[in-house]
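Chemist: Before we start, here is the structure in question, set down as structure tokens.
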Amino acid sequence: MSAIAEPFDAAIAESLLAFWADAGVDAMLLDEAVDRIEAGKILPPVRPPAPGPPLAAVPVPRAFGGQADISGAVAQAQQLAAAAADLDALVAAISAFEGCPLRFEGAATKAVVYRGDPKAPLLVIGEGPGADEDARGEPFVGRAGKLLDRMLAAAGLTDRVLITNTVFWRPPGNRTPTPAEQAICAPFLERIVQLVQPRMLLLAGGASAKSVLKREEGILSLRGRWFEWRSADGAMELPAMPTLHPAFLLRQPGAKKKAWSDLLTLSERLDRPERPL
């Protein structure tokens, strides 16, 4: 008996998408599956060090139990980040850094670090650059970035933000960055926070929120709630709010009211007078 294709039902499709959203799915599937285990094994090539002050010897990462040892890359990122006295120096250090596998996977042509006010009171942290961001060399400049800009403008935050990501090179197929890739880039991200000295963080998307806050919940559980971000050395603490990624809002316009509510809550706290001592 030949199968008879069922007619497309928009209501069923919408219900299925809503179910996935409630389950914490916040990224589209790629045309081909991504083998995250194999992706974690990709190691950067060994190249001669760039001219400049000598760095401590960094061991070549080795695979253990199917996972790459990233401790050497993290240590080098920490050393380079600590040596950067300002954002320009940090951008140069990130651009020269060869410890993140994303740089060599074929999708990235350059490092994409930040855009916005270097002294902004609000730091927006997304997941990773896409094709438009790689072409321009700035984060959030595609369709999702334009939506983010409109939302920030409506909340009166246009000139009060600096925008960056958890990783600084475009992942192949615009896939979500892996925890290992985010961990390698984390020292640079923390140095951005230290140099900018924002008053609070806005974490756009589940991958950003989970990485920055070290949480496992889905974004629909995390969004709209206040958390405390703490630097690795414990010297800095900042309020942080996760929210839905603008790319998700483009696919689920009905969720925009949730993200708008998050932004209004954050904006109100940002403008709240400091309590007297």
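Scheme for the structure tokens: letters A, B, ... for chains in order shown; per-chain residue numbers from 1; ligand numbers from 1 in order shown.
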Env of Glu133 in chain A: 10 Å cut, atoms = only C-alpha atoms, seq-sep filter 3 positions within chain, self excluded. Answer as a tab-separated table (two decimals) with all heavy atoms, in the first residue's frame.
Modeler:
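Full text of out-v2.tsv as output:
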chain	number	residue	atom	x	y	z
A	108	ALA	N	35.71	30.48	9.45
A	108	ALA	CA	36.13	31.81	9.93
A	108	ALA	C	37.25	32.37	9.06
A	108	ALA	O	38.20	31.65	8.70
A	108	ALA	CB	36.58	31.72	11.38
A	110	LYS	N	38.32	35.68	10.04
A	110	LYS	CA	38.92	36.65	10.94
A	110	LYS	C	38.30	36.51	12.32
A	110	LYS	O	37.24	35.88	12.48
A	110	LYS	CB	38.70	38.08	10.42
A	110	LYS	CG	37.23	38.48	10.29
A	110	LYS	CD	37.06	39.91	9.86
A	110	LYS	CE	37.48	40.14	8.43
A	110	LYS	NZ	36.52	39.52	7.47
A	111	ALA	N	38.93	37.12	13.30
A	111	ALA	CA	38.37	37.16	14.65
A	111	ALA	C	37.32	38.27	14.72
A	111	ALA	O	37.51	39.35	14.17
A	111	ALA	CB	39.47	37.42	15.68
A	112	VAL	N	36.21	37.97	15.35
A	112	VAL	CA	35.11	38.93	15.55
A	112	VAL	C	34.99	39.15	17.05
A	112	VAL	O	34.56	38.25	17.77
A	112	VAL	CB	33.79	38.39	14.97
A	112	VAL	CG1	32.66	39.38	15.20
A	112	VAL	CG2	33.95	38.08	13.49
A	113	VAL	N	35.36	40.34	17.53
A	113	VAL	CA	35.49	40.53	18.98
A	113	VAL	C	34.36	41.35	19.58
A	113	VAL	O	33.64	40.87	20.45
A	113	VAL	CB	36.86	41.15	19.32
A	113	VAL	CG1	37.01	41.28	20.84
A	113	VAL	CG2	37.99	40.28	18.77
A	128	GLY	N	28.07	33.20	19.15
A	128	GLY	CA	29.22	33.20	18.24
A	128	GLY	C	28.87	33.90	16.96
A	128	GLY	O	27.69	34.05	16.62
A	129	PRO	N	29.86	34.34	16.21
A	129	PRO	CA	29.59	35.05	14.95
A	129	PRO	C	29.08	34.12	13.86
A	129	PRO	O	29.38	32.93	13.84
A	129	PRO	CB	30.96	35.64	14.59
A	129	PRO	CG	31.96	34.78	15.30
A	129	PRO	CD	31.29	34.28	16.53
A	130	GLY	N	28.29	34.69	12.96
A	130	GLY	CA	27.81	33.98	11.78
A	130	GLY	C	28.49	34.52	10.53
A	130	GLY	O	29.51	35.21	10.60
A	136	ARG	N	31.91	41.17	8.17
A	136	ARG	CA	32.07	42.54	8.65
A	136	ARG	C	33.12	42.69	9.75
A	136	ARG	O	33.63	43.78	9.98
A	136	ARG	CB	30.72	43.04	9.20
A	136	ARG	CG	29.67	43.33	8.14
A	136	ARG	CD	29.70	44.79	7.72
A	136	ARG	NE	29.45	45.67	8.84
A	136	ARG	CZ	28.24	46.05	9.26
A	136	ARG	NH1	27.16	45.58	8.64
A	136	ARG	NH2	28.09	46.87	10.28
A	137	GLY	N	33.39	41.61	10.46
A	137	GLY	CA	34.32	41.69	11.57
A	137	GLY	C	33.72	42.28	12.82
A	137	GLY	O	34.45	42.71	13.74
A	138	GLU	N	32.38	42.26	12.92
A	138	GLU	CA	31.67	42.78	14.09
A	138	GLU	C	30.55	41.82	14.46
A	138	GLU	O	29.94	41.22	13.57
A	138	GLU	CB	31.08	44.17	13.82
A	138	GLU	CG	32.09	45.26	13.59
A	138	GLU	CD	31.43	46.60	13.36
A	138	GLU	OE1	30.34	46.63	12.74
A	138	GLU	OE2	31.97	47.63	13.80
A	139	PRO	N	30.26	41.69	15.76
A	139	PRO	CA	29.18	40.77	16.17
A	139	PRO	C	27.80	41.37	15.96
A	139	PRO	O	27.63	42.59	15.98
A	139	PRO	CB	29.46	40.55	17.66
A	139	PRO	CG	30.16	41.79	18.09
A	139	PRO	CD	30.97	42.25	16.91
A	140	PHE	N	26.82	40.51	15.74
A	140	PHE	CA	25.41	40.89	15.64
A	140	PHE	C	25.18	41.99	14.61
A	140	PHE	O	24.70	43.08	14.92
A	140	PHE	CB	24.88	41.36	17.01
A	140	PHE	CG	24.53	40.22	17.94
A	140	PHE	CD1	25.45	39.78	18.88
A	140	PHE	CD2	23.30	39.60	17.88
A	140	PHE	CE1	25.14	38.73	19.74
A	140	PHE	CE2	22.97	38.55	18.73
A	140	PHE	CZ	23.91	38.11	19.66
A	141	VAL	N	25.50	41.70	13.36
A	141	VAL	CA	25.26	42.67	12.29
A	141	VAL	C	24.34	42.10	11.21
A	141	VAL	O	23.98	42.81	10.27
A	141	VAL	CB	26.57	43.15	11.65
A	141	VAL	CG1	27.40	43.94	12.64
A	141	VAL	CG2	27.38	41.98	11.08
A	142	GLY	N	23.93	40.84	11.33
A	142	GLY	CA	22.99	40.25	10.38
A	142	GLY	C	21.56	40.53	10.77
A	142	GLY	O	21.26	41.51	11.47
A	145	GLY	N	21.10	40.61	14.45
A	145	GLY	CA	21.71	41.81	15.02
A	145	GLY	C	20.87	43.04	14.80
A	145	GLY	O	20.77	43.91	15.68
A	168	PHE	N	34.99	33.81	19.32
A	168	PHE	CA	35.32	34.93	18.45
A	168	PHE	C	35.58	34.54	17.00
A	168	PHE	O	35.99	35.37	16.20
A	168	PHE	CB	36.54	35.66	19.03
A	168	PHE	CG	36.36	36.04	20.47
A	168	PHE	CD1	37.02	35.35	21.47
A	168	PHE	CD2	35.47	37.05	20.82
A	168	PHE	CE1	36.83	35.67	22.80
A	168	PHE	CE2	35.27	37.38	22.15
A	168	PHE	CZ	35.95	36.70	23.14
A	169	TRP	N	35.31	33.26	16.68
A	169	TRP	CA	35.45	32.80	15.30
A	169	TRP	C	34.17	32.08	14.91
A	169	TRP	O	33.54	31.41	15.72
A	169	TRP	CB	36.64	31.85	15.15
A	169	TRP	CG	37.96	32.54	15.34
A	169	TRP	CD1	38.71	33.15	14.38
A	169	TRP	CD2	38.67	32.70	16.57
A	169	TRP	NE1	39.85	33.67	14.93
A	169	TRP	CE2	39.85	33.42	16.28
A	169	TRP	CE3	38.42	32.31	17.90
A	169	TRP	CZ2	40.78	33.76	17.26
A	169	TRP	CZ3	39.34	32.65	18.88
A	169	TRP	CH2	40.50	33.36	18.55
A	170	ARG	N	33.79	32.21	13.64
A	170	ARG	CA	32.55	31.62	13.17
A	170	ARG	C	32.63	30.09	13.18
A	170	ARG	O	33.52	29.50	12.56
A	170	ARG	CB	32.26	32.11	11.75
A	170	ARG	CG	30.99	31.51	11.15
A	170	ARG	CD	30.90	31.80	9.67
A	170	ARG	NE	29.74	31.13	9.09
A	170	ARG	CZ	29.54	30.98	7.78
A	170	ARG	NH1	30.43	31.46	6.92
A	170	ARG	NH2	28.46	30.36	7.34
Chemist: Give me every strand (DSSP E or B) residue in range 84-123 of chain A, going by DSSP on the backbone, as an MDAnalysis selection string.
Modeler: chainID A and resid 115:116 122:123
Chemist: Find the residue from A:Ser231, A:Ser267, A:Ser221, A:Gln182 that sits nearest to Gly99 in chain A; use only C-alpha atoms when measuring.
Modeler: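 Distance minimum relative to Gly99 in chain A lands on A:Gln182.
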Chemist: Compare A:Arg191, A:Gly234, A:Asn174, A:Leu123 by their minimum atom-to-atom distance to Arg160 in chain A, counting only C-alpha atoms, and give me the closest one.
Modeler: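 The answer is A:Leu123, which sits nearest to Arg160 in chain A.
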Chemist: Neighbours of range 77-80 of chain A within 12 Å (only C-alpha atoms; same-chain residues fewer than 2 positions away dropped), as a ChimeraX atom specification?
Modeler: /A:52-58,70-75,82-86,89-100,181-191,232-233
Chemist: Between CA of Asp88 in chain A and CA of Gln197 in chain A, measure the distance and give it in Å to one decimal.
Modeler: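 Those two atoms sit 15.4 Å apart.
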Chemist: Can you list every residue of range 78-143 of chain A that has an atom at most 7 Å from range 203-219 of chain A, with its nearest atom pair and the distance in Å to one decimal, using only C-alpha atoms, ordered by chain then number, as a Markdown table?
Modeler:
| residue | atom | partner | partner_atom | distance |
| --- | --- | --- | --- | --- |
| A:Val124 | CA | A:Leu203 | CA | 6.0 |
| A:Ile125 | CA | A:Leu203 | CA | 5.0 |
| A:Gly126 | CA | A:Ala204 | CA | 4.8 |
| A:Glu127 | CA | A:Ser208 | CA | 5.1 |
Chemist: Please save all heavy atoms of the selected residues as a compact mmCIF listing (two decimals), in the first residue's frame.
Modeler:
# COMPACT_ATOMS: atom_id res chain seq x y z
N VAL A 124 26.43 43.00 26.35
CA VAL A 124 25.60 41.95 25.75
C VAL A 124 26.52 40.84 25.24
O VAL A 124 27.46 41.10 24.47
CB VAL A 124 24.75 42.50 24.59
CG1 VAL A 124 23.90 41.40 23.98
CG2 VAL A 124 23.86 43.64 25.08
N ILE A 125 26.25 39.61 25.66
CA ILE A 125 27.09 38.47 25.26
C ILE A 125 26.24 37.46 24.51
O ILE A 125 25.30 36.88 25.06
CB ILE A 125 27.73 37.80 26.48
CG1 ILE A 125 28.54 38.82 27.29
CG2 ILE A 125 28.62 36.64 26.04
CD1 ILE A 125 29.10 38.26 28.58
N GLY A 126 26.54 37.28 23.23
CA GLY A 126 25.85 36.29 22.42
C GLY A 126 26.62 34.98 22.38
O GLY A 126 27.46 34.71 23.23
N GLU A 127 26.35 34.18 21.35
CA GLU A 127 26.95 32.84 21.28
C GLU A 127 28.21 32.83 20.42
O GLU A 127 29.28 32.46 20.89
CB GLU A 127 25.91 31.85 20.77
CG GLU A 127 24.69 31.76 21.69
CD GLU A 127 23.59 30.87 21.14
OE1 GLU A 127 23.79 30.29 20.05
OE2 GLU A 127 22.55 30.74 21.79
Chemist: Could you tell me which of A:Leu250, A:Ala180, A:Ala259, A:Met200 comes closest to Leu152 in chain A if we count only C-alpha atoms?
Modeler: A:Ala259
Chemist: Hey, which of A:Leu102, A:Leu202, A:Leu270, A:Leu195 ends up closest to Thr176 in chain A? Count only C-alpha atoms.
Modeler: A:Leu102
Chemist: One decimal, in Å: what's the spacing between CA of Met241 in chain A and CA of Arg269 in chain A?
Modeler: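 So the answer is 10.9 Å.
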Chemist: From the list A:Pro253, A:Pro121, A:Pro101, A:Gly106, which residue is nearest Val167 in chain A when using only C-alpha atoms?
Modeler: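 With only C-alpha atoms as the atom set, the closest residue is A:Pro101.
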